[in-house]
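The next block is model22.txt, given as compact mmCIF, C-alpha atoms.
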# COMPACT_ATOMS: atom_id res chain seq x y z
CA MET G 1 -136.28 50.68 161.91
CA ALA G 2 -134.01 53.14 160.21
CA TYR G 3 -131.58 55.45 162.16
CA ARG G 4 -132.55 59.15 162.19
CA GLU G 5 -130.03 61.93 162.89
CA PRO G 6 -131.04 64.02 165.84
CA SER G 7 -132.60 67.31 164.90
CA HIS G 8 -130.43 69.26 167.35
CA SER G 9 -127.24 68.48 165.38
CA HIS G 10 -127.65 71.48 163.06
CA PRO G 11 -127.43 74.31 165.58
CA PRO G 12 -123.97 73.28 166.70
CA HIS G 13 -122.92 73.14 163.06
CA LYS G 14 -124.21 76.65 162.48
CA ALA G 15 -122.41 77.93 165.58
CA ALA G 16 -119.20 76.40 164.37
CA GLN G 17 -119.61 78.08 161.06
CA LYS G 18 -120.24 81.39 162.80
CA ASN G 19 -117.14 81.03 164.94
CA LEU G 20 -115.09 80.15 161.90
CA HIS G 21 -116.42 83.20 160.13
CA ASN G 22 -115.55 85.39 163.07
CA ARG G 23 -111.99 84.01 163.23
CA ASN G 24 -111.52 84.58 159.53
CA HIS G 25 -112.87 88.09 159.88
CA THR G 26 -110.57 88.77 162.78
CA HIS G 27 -107.60 87.37 160.88
CA SER G 28 -108.40 89.32 157.73
CA HIS G 29 -108.60 92.57 159.67
CA ALA G 30 -105.68 91.98 161.98
CA SER G 31 -103.58 94.45 160.08
CA ASN G 32 -106.17 97.13 160.69
CA ALA G 33 -106.54 96.41 164.37
CA SER G 34 -104.28 99.27 165.33
CA SER G 35 -106.59 101.75 163.58
CA HIS G 36 -109.91 100.20 164.47
CA THR G 37 -111.62 100.25 167.84
CA PRO G 38 -114.21 97.41 168.11
CA THR G 39 -117.80 98.51 168.53
CA THR G 40 -120.10 97.11 171.22
CA ASP G 41 -121.56 94.62 168.81
CA GLU G 42 -118.18 93.56 167.57
CA ALA G 43 -116.88 93.27 171.12
CA GLU G 44 -119.73 90.90 171.90
CA ASN G 45 -118.73 88.74 168.96
CA LEU G 46 -115.01 88.64 169.89
CA SER G 47 -113.39 86.17 172.15
CA PRO G 48 -111.59 87.53 175.22
CA GLU G 49 -108.24 86.83 173.59
CA GLU G 50 -109.18 88.73 170.47
CA LEU G 51 -110.61 91.57 172.46
CA GLN G 52 -107.40 91.83 174.52
CA HIS G 53 -105.35 91.73 171.32
CA ARG G 54 -107.40 94.57 169.88
CA ARG G 55 -106.95 96.67 172.99
CA ARG G 56 -103.22 96.17 172.99
CA ALA G 57 -103.08 97.15 169.33
CA GLU G 58 -105.06 100.28 170.12
CA ILE G 59 -102.65 101.18 172.94
CA ILE G 60 -99.68 100.66 170.59
CA ARG G 61 -101.37 102.83 167.96
CA LYS G 62 -101.96 105.65 170.40
CA ARG G 63 -98.40 105.45 171.70
CA GLN G 64 -97.10 105.55 168.11
CA GLN G 65 -99.21 108.60 167.40
CA GLU G 66 -97.91 110.29 170.55
CA LYS G 67 -94.36 109.42 169.51
CA TRP G 68 -94.91 110.92 166.07
CA GLN G 69 -96.40 114.01 167.61
CA GLN G 70 -93.43 114.35 169.97
CA GLU G 71 -90.97 113.97 167.08
CA ARG G 72 -92.94 116.55 165.12
CA ARG G 73 -92.82 118.97 168.08
CA ARG G 74 -89.06 118.39 168.49
CA ARG G 75 -88.54 118.95 164.78
CA LEU G 76 -90.49 122.17 164.96
CA ILE G 77 -88.44 123.27 168.00
CA ARG G 78 -85.18 122.51 166.16
CA GLU G 79 -86.37 124.42 163.11
CA HIS G 80 -87.32 127.29 165.35
CA LYS G 81 -83.92 127.28 167.03
CA ILE G 82 -82.17 127.21 163.66
CA GLN G 83 -84.28 130.16 162.54
CA LEU G 84 -83.41 132.02 165.74
CA LEU G 85 -79.69 131.23 165.28
CA ALA G 86 -79.76 132.35 161.67
CA GLY G 87 -81.51 135.52 162.70
CA SER G 88 -78.93 136.15 165.42
CA VAL G 89 -76.03 135.61 163.01
CA LEU G 90 -77.65 137.96 160.53
CA LEU G 91 -78.16 140.54 163.26
CA ILE G 92 -74.52 140.25 164.37
CA PHE G 93 -73.33 140.62 160.77
CA VAL G 94 -75.49 143.72 160.33
CA ILE G 95 -74.05 145.21 163.54
CA ILE G 96 -70.46 144.43 162.47
CA PHE G 97 -71.04 145.78 159.00
CA THR G 98 -72.67 148.93 160.37
CA PHE G 99 -70.23 149.76 163.14
CA VAL G 100 -66.95 148.16 161.98
CA LEU G 101 -66.71 147.51 158.26
CA ILE G 102 -68.26 150.73 157.02
CA PRO G 103 -66.05 152.94 159.26
CA GLY G 104 -63.09 150.76 158.28
CA ILE G 105 -63.79 151.32 154.60
CA PHE G 106 -63.91 155.05 155.11
CA SER G 107 -60.78 154.91 157.29
CA SER G 108 -58.96 152.83 154.66
CA SER G 109 -60.00 155.30 152.02
CA LYS G 110 -58.67 158.17 154.12
CA SER G 111 -55.43 156.23 154.82
CA SER G 112 -54.96 155.49 151.14
CA LYS G 113 -55.51 159.14 150.35
CA LYS G 114 -52.98 160.10 153.03
CA GLN G 115 -50.44 157.63 151.64
CA LYS G 116 -50.89 159.05 148.18
CA GLU G 117 -50.36 162.53 149.56
CA GLU G 118 -47.21 161.36 151.39
CA ALA G 119 -45.97 159.65 148.23
CA THR G 120 -46.52 162.87 146.35
CA GLN G 121 -44.60 164.76 149.00
CA THR G 122 -41.67 162.29 149.13
CA ALA G 123 -41.37 162.45 145.39
CA LYS G 124 -40.13 166.02 145.83
CA ALA G 125 -36.33 166.18 145.91
CA GLY G 126 -34.85 167.34 149.19
CA LEU G 127 -33.79 166.49 152.74
CA TYR G 128 -36.03 164.33 154.91
CA GLU G 129 -35.53 163.55 158.59
CA ASP G 130 -36.61 160.52 160.56
CA LYS G 131 -35.65 159.01 163.91
CA ASN G 132 -32.41 157.62 162.43
CA GLY G 133 -31.12 160.81 160.84
CA THR G 134 -31.35 162.83 157.66
CA ARG G 135 -31.62 161.49 154.13
CA TYR G 136 -31.77 163.08 150.69
CA GLN G 137 -34.44 161.94 148.28
CA GLU G 138 -34.06 162.44 144.56
CA SER G 139 -36.94 163.57 142.35
CA ASP G 140 -37.41 159.98 141.15
CA GLY G 141 -38.02 158.78 144.71
CA ARG G 142 -34.62 157.15 145.23
CA PHE G 143 -32.49 158.07 148.24
CA CYS G 144 -28.90 159.23 147.76
CA LYS G 145 -26.49 156.54 149.00
CA SER G 146 -22.66 156.39 149.11
CA ASP G 147 -22.42 159.70 147.28
CA TRP G 148 -21.86 163.42 147.62
CA LYS G 149 -24.67 165.94 147.28
CA GLU G 150 -24.39 169.71 146.93
CA ILE G 151 -27.30 171.57 148.51
CA ASP G 152 -27.44 175.37 148.75
CA GLU G 153 -23.70 175.62 147.97
CA ALA G 154 -22.83 173.23 150.83
CA LYS G 155 -21.50 169.69 150.32
CA TYR G 156 -22.89 166.66 152.14
CA TYR G 157 -22.08 162.97 152.03
CA PHE G 158 -24.67 160.23 152.43
CA GLY G 159 -23.45 156.78 153.49
CA LYS G 160 -24.37 153.29 152.40
CA ASP G 161 -27.52 153.42 154.51
CA GLY G 162 -28.56 156.69 152.87
CA TYR G 163 -28.10 158.83 155.99
CA MET G 164 -26.12 162.05 156.22
CA THR G 165 -22.56 161.78 157.58
CA THR G 166 -21.31 163.86 160.50
CA GLY G 167 -17.86 163.96 162.08
CA TRP G 168 -14.79 162.43 160.43
CA LEU G 169 -15.07 160.17 157.41
CA GLU G 170 -12.28 158.27 155.69
CA LEU G 171 -13.08 157.91 152.01
CA ASP G 172 -10.74 156.51 149.36
CA GLY G 173 -7.77 157.02 151.66
CA LYS G 174 -8.69 160.64 152.51
CA GLU G 175 -10.21 162.17 155.63
CA TYR G 176 -13.19 164.52 155.48
CA PHE G 177 -14.85 166.42 158.31
CA PHE G 178 -18.58 167.15 158.46
CA ASP G 179 -20.05 169.45 161.09
CA GLU G 180 -23.05 168.61 163.27
CA ASN G 181 -25.39 169.67 160.46
CA GLY G 182 -23.62 167.40 157.98
CA LYS G 183 -21.84 170.16 156.05
CA TYR G 184 -18.37 169.35 154.77
CA ASP G 185 -15.69 171.60 156.30
CA SER G 186 -12.65 171.69 154.02
CA THR G 187 -10.65 173.75 156.50
CA LYS G 188 -10.40 170.92 159.02
CA HIS G 189 -7.86 168.14 158.73
CA ARG G 190 -7.19 165.40 161.22
CA PRO G 191 -3.55 165.61 162.34
CA MET G 192 -1.37 163.09 160.54
CA VAL G 193 1.84 161.33 161.47
CA ALA G 194 4.10 159.24 159.24
CA LEU G 195 5.83 156.38 161.05
CA THR G 196 8.88 155.24 159.06
CA PHE G 197 11.09 152.20 159.57
CA ASP G 198 14.65 151.70 158.30
CA ASP G 199 16.99 148.78 157.56
CA GLY G 200 14.35 146.04 157.26
CA PRO G 201 12.60 143.91 156.59
CA GLY G 202 13.55 141.61 159.47
CA LYS G 203 12.22 138.83 161.62
CA PHE G 204 10.10 141.23 163.71
CA THR G 205 8.48 143.04 160.76
CA ASP G 206 5.52 140.67 160.46
CA LYS G 207 4.56 141.40 164.07
CA LEU G 208 4.68 145.12 163.32
CA LEU G 209 2.51 144.62 160.24
CA ASP G 210 -0.02 142.73 162.35
CA CYS G 211 -0.39 145.74 164.62
CA LEU G 212 -0.65 148.20 161.75
CA GLU G 213 -3.33 146.15 160.01
CA GLU G 214 -5.34 145.63 163.20
CA ASN G 215 -5.46 149.41 163.72
CA ASN G 216 -6.06 150.32 160.08
CA ALA G 217 -2.80 152.26 160.15
CA LYS G 218 -0.21 152.79 157.41
CA ALA G 219 3.56 153.27 157.52
CA THR G 220 6.55 153.68 155.19
CA PHE G 221 9.38 151.13 155.11
CA PHE G 222 12.83 152.16 153.86
CA MET G 223 14.38 148.80 153.05
CA LEU G 224 17.84 147.44 152.34
CA GLY G 225 18.01 145.43 149.12
CA GLU G 226 19.87 142.58 150.76
CA ASN G 227 17.12 142.18 153.38
CA VAL G 228 14.41 142.39 150.75
CA GLU G 229 15.99 139.34 149.13
CA ARG G 230 15.92 137.54 152.49
CA PHE G 231 12.26 138.36 153.24
CA PRO G 232 10.45 138.77 149.90
CA ASP G 233 7.13 137.54 151.34
CA VAL G 234 7.19 140.26 153.97
CA VAL G 235 7.73 142.88 151.26
CA LYS G 236 4.78 141.54 149.30
CA ARG G 237 2.66 141.68 152.44
CA MET G 238 3.67 145.31 152.95
CA HIS G 239 2.53 146.17 149.46
CA ASP G 240 -0.70 144.20 149.71
CA SER G 241 -1.50 145.93 153.03
CA GLY G 242 -1.14 149.41 151.55
CA MET G 243 2.21 150.28 153.13
CA GLU G 244 4.64 152.51 151.26
CA LEU G 245 7.88 150.99 149.96
CA GLY G 246 11.09 153.00 150.22
CA ASN G 247 14.68 152.49 149.03
CA HIS G 248 17.41 152.62 151.71
CA SER G 249 20.30 151.40 149.51
CA TYR G 250 21.28 147.80 149.01
CA ASP G 251 23.67 147.24 151.93
CA HIS G 252 23.56 150.51 153.90
CA THR G 253 26.48 152.10 152.05
CA ILE G 254 26.85 155.81 152.88
CA LEU G 255 26.06 157.29 149.47
CA THR G 256 28.26 160.36 149.91
CA SER G 257 31.26 158.05 150.30
CA THR G 258 30.82 156.17 147.01
CA THR G 259 31.06 156.99 143.33
CA LYS G 260 28.26 158.04 141.05
CA ASP G 261 28.10 154.52 139.66
CA GLY G 262 28.08 153.22 143.20
CA VAL G 263 25.06 155.38 144.04
CA LEU G 264 23.24 154.26 140.91
CA GLN G 265 24.00 150.58 141.62
CA GLN G 266 22.82 150.87 145.22
CA MET G 267 19.55 152.39 144.09
CA GLN G 268 18.91 150.18 141.08
CA LYS G 269 19.78 146.90 142.73
CA THR G 270 17.46 147.61 145.64
CA ASN G 271 14.61 148.72 143.39
CA ASP G 272 14.99 145.54 141.34
CA SER G 273 14.80 143.42 144.49
CA ILE G 274 11.67 145.22 145.70
CA GLU G 275 9.99 144.91 142.32
CA ASP G 276 10.85 141.21 142.14
CA ALA G 277 9.24 140.70 145.54
CA CYS G 278 5.94 142.56 145.03
CA GLY G 279 5.70 143.80 141.44
CA VAL G 280 6.50 147.49 141.96
CA PRO G 281 9.69 149.42 142.85
CA ALA G 282 10.13 151.94 145.66
CA ASP G 283 8.64 155.40 145.18
CA VAL G 284 10.61 157.27 147.89
CA MET G 285 14.12 156.91 149.32
CA ARG G 286 16.10 157.65 152.46
CA PRO G 287 19.92 157.81 152.29
CA PRO G 288 21.68 155.72 154.94
CA GLY G 289 22.49 157.91 157.94
CA GLY G 290 20.55 160.71 156.27
CA SER G 291 23.73 161.61 154.39
CA TYR G 292 23.45 163.07 150.91
CA ASN G 293 24.80 165.92 148.87
CA GLU G 294 23.82 167.65 145.67
CA THR G 295 25.40 164.93 143.55
CA VAL G 296 23.58 162.15 145.41
CA ALA G 297 20.32 164.09 145.26
CA GLY G 298 20.69 164.35 141.50
CA LEU G 299 21.31 160.62 141.09
CA VAL G 300 18.78 158.88 143.35
CA GLY G 301 15.82 159.67 141.08
CA LEU G 302 13.31 159.70 143.97
CA PRO G 303 12.06 162.18 146.61
CA ILE G 304 14.41 162.16 149.62
CA ILE G 305 12.67 161.61 152.94
CA THR G 306 14.51 162.31 156.16
CA TRP G 307 12.74 162.85 159.54
CA SER G 308 11.55 165.32 162.14
CA VAL G 309 11.44 162.97 165.18
CA ASP G 310 14.47 160.70 165.73
CA THR G 311 13.71 158.13 168.44
CA ARG G 312 17.33 156.90 168.48
CA ASP G 313 15.87 153.46 169.01
CA TRP G 314 18.93 151.93 167.37
CA ALA G 315 21.07 153.31 170.19
CA THR G 316 18.83 152.94 173.25
CA ARG G 317 17.16 149.63 172.35
CA ASN G 318 14.60 150.63 174.98
CA ALA G 319 10.88 150.28 174.17
CA ASP G 320 9.75 152.76 176.83
CA ASN G 321 12.19 155.41 175.66
CA THR G 322 11.15 154.96 172.03
CA TYR G 323 7.50 155.22 173.04
CA ASN G 324 7.99 158.33 175.16
CA VAL G 325 10.12 160.24 172.63
CA THR G 326 7.49 159.67 169.98
CA ILE G 327 4.30 160.29 171.98
CA ASP G 328 5.77 163.49 173.52
CA ASN G 329 7.00 165.08 170.29
CA VAL G 330 4.73 164.21 167.39
CA GLU G 331 2.48 166.80 165.78
CA ASP G 332 0.61 167.15 162.55
CA GLY G 333 3.02 166.38 159.70
CA SER G 334 5.70 164.69 161.81
CA ILE G 335 7.93 162.05 160.22
CA VAL G 336 9.15 159.59 162.87
CA LEU G 337 12.34 157.52 162.42
CA MET G 338 12.51 153.98 163.85
CA HIS G 339 13.99 150.61 162.88
CA ASP G 340 11.87 147.45 162.49
CA ILE G 341 14.93 145.20 162.79
CA HIS G 342 15.00 145.85 166.55
CA GLU G 343 12.55 143.95 168.74
CA SER G 344 12.40 146.78 171.29
CA SER G 345 11.25 149.17 168.56
CA VAL G 346 8.47 146.83 167.46
CA GLU G 347 7.39 146.32 171.08
CA ALA G 348 7.21 150.11 171.50
CA CYS G 349 4.99 150.35 168.41
CA LEU G 350 2.52 147.80 169.75
CA ARG G 351 1.64 150.46 172.37
CA LEU G 352 2.43 153.51 170.31
CA ILE G 353 0.21 152.83 167.29
CA PRO G 354 -3.15 152.49 169.11
CA ASP G 355 -2.25 155.31 171.53
CA LEU G 356 -1.47 157.76 168.73
CA ILE G 357 -4.78 156.90 167.10
CA ASN G 358 -6.60 157.43 170.41
CA LYS G 359 -5.00 160.87 170.62
CA GLY G 360 -6.63 161.73 167.30
CA PHE G 361 -3.73 161.15 164.91
CA ARG G 362 -4.01 159.39 161.58
CA LEU G 363 -1.07 157.12 160.80
CA VAL G 364 -0.38 157.48 157.09
CA THR G 365 2.30 156.95 154.46
CA ILE G 366 4.58 159.76 153.25
CA ARG G 367 2.80 160.10 149.92
CA GLN G 368 -0.62 159.96 151.57
CA MET G 369 0.28 162.83 153.84
CA ALA G 370 1.80 164.89 151.04
CA GLU G 371 -1.20 164.40 148.78
CA GLU G 372 -3.70 165.40 151.47
CA LYS G 373 -1.67 168.47 152.30
CA GLY G 374 -1.39 169.42 148.66
CA ILE G 375 2.36 168.87 148.51
CA THR G 376 3.91 167.48 145.35
CA LEU G 377 6.94 165.32 146.11
CA GLU G 378 9.78 166.01 143.71
CA ASN G 379 12.79 163.79 142.96
CA GLY G 380 16.02 164.83 144.69
CA VAL G 381 14.23 167.15 147.14
CA ASP G 382 14.50 166.54 150.89
CA TYR G 383 11.30 166.39 152.97
CA ASN G 384 11.73 166.07 156.73
CA LEU G 385 8.41 167.46 157.88
CA LEU G 386 5.11 167.77 156.10
CA GLY G 387 3.63 170.22 158.58
CA GLU G 388 3.32 173.95 159.01
CA LYS G 389 6.69 174.48 160.71
CA ASN G 390 10.13 172.99 160.87
CA GLN G 391 10.70 170.31 163.47
CA SER G 392 13.82 168.43 164.48
CA THR G 393 13.94 166.11 167.48
CA GLU G 394 16.87 163.88 168.34
Hey, can you dump this file as structure tokens for me?
Amino acid sequence: MAYREPSHSHPPHKAAQKNLHNRNHTHSHASNASSHTPTTDEAENLSPEELQHRRRAEIIRKRQQEKWQQERRRRLIREHKIQLLAGSVLLIFVIIFTFVLIPGIFSSSKSSKKQKEEATQTAKAGLYEDKNGTRYQESDGRFCKSDWKEIDEAKYYFGKDGYMTTGWLELDGKEYFFDENGKYDSTKHRPMVALTFDDGPGKFTDKLLDCLEENNAKATFFMLGENVERFPDVVKRMHDSGMELGNHSYDHTILTSTTKDGVLQQMQKTNDSIEDACGVPADVMRPPGGSYNETVAGLVGLPIITWSVDTRDWATRNADNTYNVTIDNVEDGSIVLMHDIHESSVEACLRLIPDLINKGFRLVTIRQMAEEKGITLENGVDYNLLGEKNQSTE
């Protein structure tokens, strides 16, 4: 008898096919699980594992949506904050512009207008005062500097800094006085004294020159030709320092005791020595011992300078005595006789020079004093005082 397959074998086969179909369906829609919630019918057809998988996918989907929504809300909040910040900045700018910039523009305009008005005013020639003093502005806007200016028939001098000068001013070797308002007063002259030194140069002369230079003082040196030849560098220094060079004969010969040729030789030989040392000869002379006569005066060829204050330093050799005789007797126009070959005389001058200046005297050369007093020095004429009265102190 032939074998017959049981009739109940087909249902299991159909169930297997159905399960296979369901698995394929689940697999094909796995990617959509996050967006698809199974219906009741579908849930009945799903295995517990598949159903759990679907639910987890749904939870993940919802969480993702919530996350997106949160990010969207945060983005909106940030955008809102940015808008608020931009609005605040704009508001601040409007406030600044309204209350600061606009008034500043008007203020700047007013300031510019004021500056233009001031520029117009300063362009007018005249005197202008500030905290430092008074200046004179030219019509082209420049200020007068290092120059004289005549204003309303009065003379003024404006210094290097452009300000008006008051008090005493030394200019090109001359002294000028300006009152408290800056006006030049030609009637006032600072008292002047001419210190003169005979018989040098010597080994102490450089020290004397140091003191004169330090105090911006001048003096006249009546030199012996033989000493000039011994100290030519000192003579050159005298000339370079603005001192006056004088002829005192070659070897201190008393000119009234020699011949005419002797006088001429004494003068010429000394002048040659001085010129060899510094390039120029003497421009004044003093006869040894102050001795001269009409014949000598006619031969020397230079103004004769004697003295009004004789310190007798050559005899006393005492610095204090030399100092006291000078400081007690000098006046405007005095010509003081000393000797730079004596150390005591030079020591006296180290005190005397600054003290005379502190007392208001100017220490000048013979020619300087004569020029400022309007005196023309003539050859062969004796000058012992360049003041208003005769003076003789011994």
From the set G:Asp161, G:Asp320, G:Glu226, G:Glu294, which residue has the shortest atom-to-atom contact distance to Asn132 of chain G, counting only C-alpha atoms?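 Selected residue with least distance to Asn132 of chain G: G:Asp161.
Counting only C-alpha atoms and comparing G:Ser139, G:Arg190, G:Ala154, G:Gly333, the residue that lies closest to Leu169 of chain G is G:Arg190.
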For atom CA of Thr326 of chain G and atom CA of Asn247 of chain G, determine how far apart the two atoms are, in Å to one decimal place.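 Computing it gives 23.3 Å between the two atoms.
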Could you check the closest approach to Asp261 of chain G for each of G:Thr295, G:Tyr176, G:Val364, G:Gly380 and tell me which residue wins, using all atoms listed in the file?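 Using all atoms listed in the file, Asp261 of chain G sits closest to G:Thr295.
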Mind pulling up the distance from atom CA of Tyr136 of chain G to atom CA of Tyr157 of chain G?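 Interatomic distance here is 9.8 Å.
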Tell me, in Å to one decimal, how far atom CA of Thr220 of chain G is from atom CA of Gly200 of chain G.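 Going from atom CA of Thr220 of chain G over to atom CA of Gly200 of chain G covers 11.1 Å.
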Need the neighbours of (13.6, 163.3, 166.0): which residues are at most 10 Å away, counting all atoms listed in the file, as a ChimeraX atom specification? /G:306-312,325-326,329-330,334-338,384,391-394
Find the smallest box with edges along x, y and z containing every listed atom of segment 342-357 of chain G, then add 4 Å on each side and report centre and edge lengths in Å to one decimal, as JSON.
{"center_x": 5.1, "center_y": 150.9, "center_z": 169.5, "size_x": 27.8, "size_y": 21.8, "size_z": 13.8}
Neighbour list for segment 231-237 of chain G as an NGL selection string, cut-off 9 Å, only C-alpha atoms, skip fewer than 6 positions in-chain: :G and (200-203 or 205-206 or 209 or 243 or 245 or 273-274 or 276-279)
Selected residues, C-alpha atoms, written as a short mmCIF file (atom, residue, chain, number, x, y, z; two decimals), in the frame of the given file, please.
data_model
loop_
_atom_site.label_atom_id
_atom_site.label_comp_id
_atom_site.auth_asym_id
_atom_site.auth_seq_id
_atom_site.Cartn_x
_atom_site.Cartn_y
_atom_site.Cartn_z
CA GLY G 200 14.35 146.04 157.26
CA PRO G 201 12.60 143.91 156.59
CA GLY G 202 13.55 141.61 159.47
CA LYS G 203 12.22 138.83 161.62
CA THR G 205 8.48 143.04 160.76
CA ASP G 206 5.52 140.67 160.46
CA LEU G 209 2.51 144.62 160.24
CA MET G 243 2.21 150.28 153.13
CA LEU G 245 7.88 150.99 149.96
CA SER G 273 14.80 143.42 144.49
CA ILE G 274 11.67 145.22 145.70
CA ASP G 276 10.85 141.21 142.14
CA ALA G 277 9.24 140.70 145.54
CA CYS G 278 5.94 142.56 145.03
CA GLY G 279 5.70 143.80 141.44
#
Can you list, as number ranges by chain, every protein, DNA or RNA residue that comes within 7 Å of Trp148 of chain G when you count only C-alpha atoms, leaving out same-chain residues fewer than 4 positions away? G: 155-158
Need the shell around Pro287 of chain G: protein/DNA/RNA residues with any atom at most 12 Å away, counting all atoms listed in the file. Skip same-chain ones fewer than 6 positions apart. Format as an MDAnalysis selection string? chainID G and resid 198:199 222:224 246:257 263 266:267 293 296:297 299:300 302:307 380 382
For Ala219 of chain G, please output as a count of residues only all residues within 7 Å (counting only C-alpha atoms; exclusion window: fewer than 3 positions along the same chain). 8
Can you pull out the residues contacting Phe204 of chain G? Cut-off 12 Å, using only C-alpha atoms, and skip same-chain residues under 4 positions away; I want them as a short mmCIF file (atom, residue, chain, number, x, y, z; two decimals) with C-alpha atoms, keeping the file's coordinate frame.
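Written out: result_35.cif:
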data_model
loop_
_atom_site.label_atom_id
_atom_site.label_comp_id
_atom_site.auth_asym_id
_atom_site.auth_seq_id
_atom_site.Cartn_x
_atom_site.Cartn_y
_atom_site.Cartn_z
CA PHE G 197 11.09 152.20 159.57
CA ASP G 199 16.99 148.78 157.56
CA GLY G 200 14.35 146.04 157.26
CA LEU G 208 4.68 145.12 163.32
CA LEU G 209 2.51 144.62 160.24
CA ASP G 210 -0.02 142.73 162.35
CA CYS G 211 -0.39 145.74 164.62
CA PHE G 231 12.26 138.36 153.24
CA VAL G 234 7.19 140.26 153.97
CA HIS G 339 13.99 150.61 162.88
CA ASP G 340 11.87 147.45 162.49
CA ILE G 341 14.93 145.20 162.79
CA HIS G 342 15.00 145.85 166.55
CA GLU G 343 12.55 143.95 168.74
CA SER G 344 12.40 146.78 171.29
CA SER G 345 11.25 149.17 168.56
CA VAL G 346 8.47 146.83 167.46
CA GLU G 347 7.39 146.32 171.08
CA CYS G 349 4.99 150.35 168.41
CA LEU G 350 2.52 147.80 169.75
#
Given only C-alpha atoms as the counted atoms, nearest of G:Thr187, G:Gln268, G:Ser291, G:Asn216 to Glu372 of chain G: G:Thr187
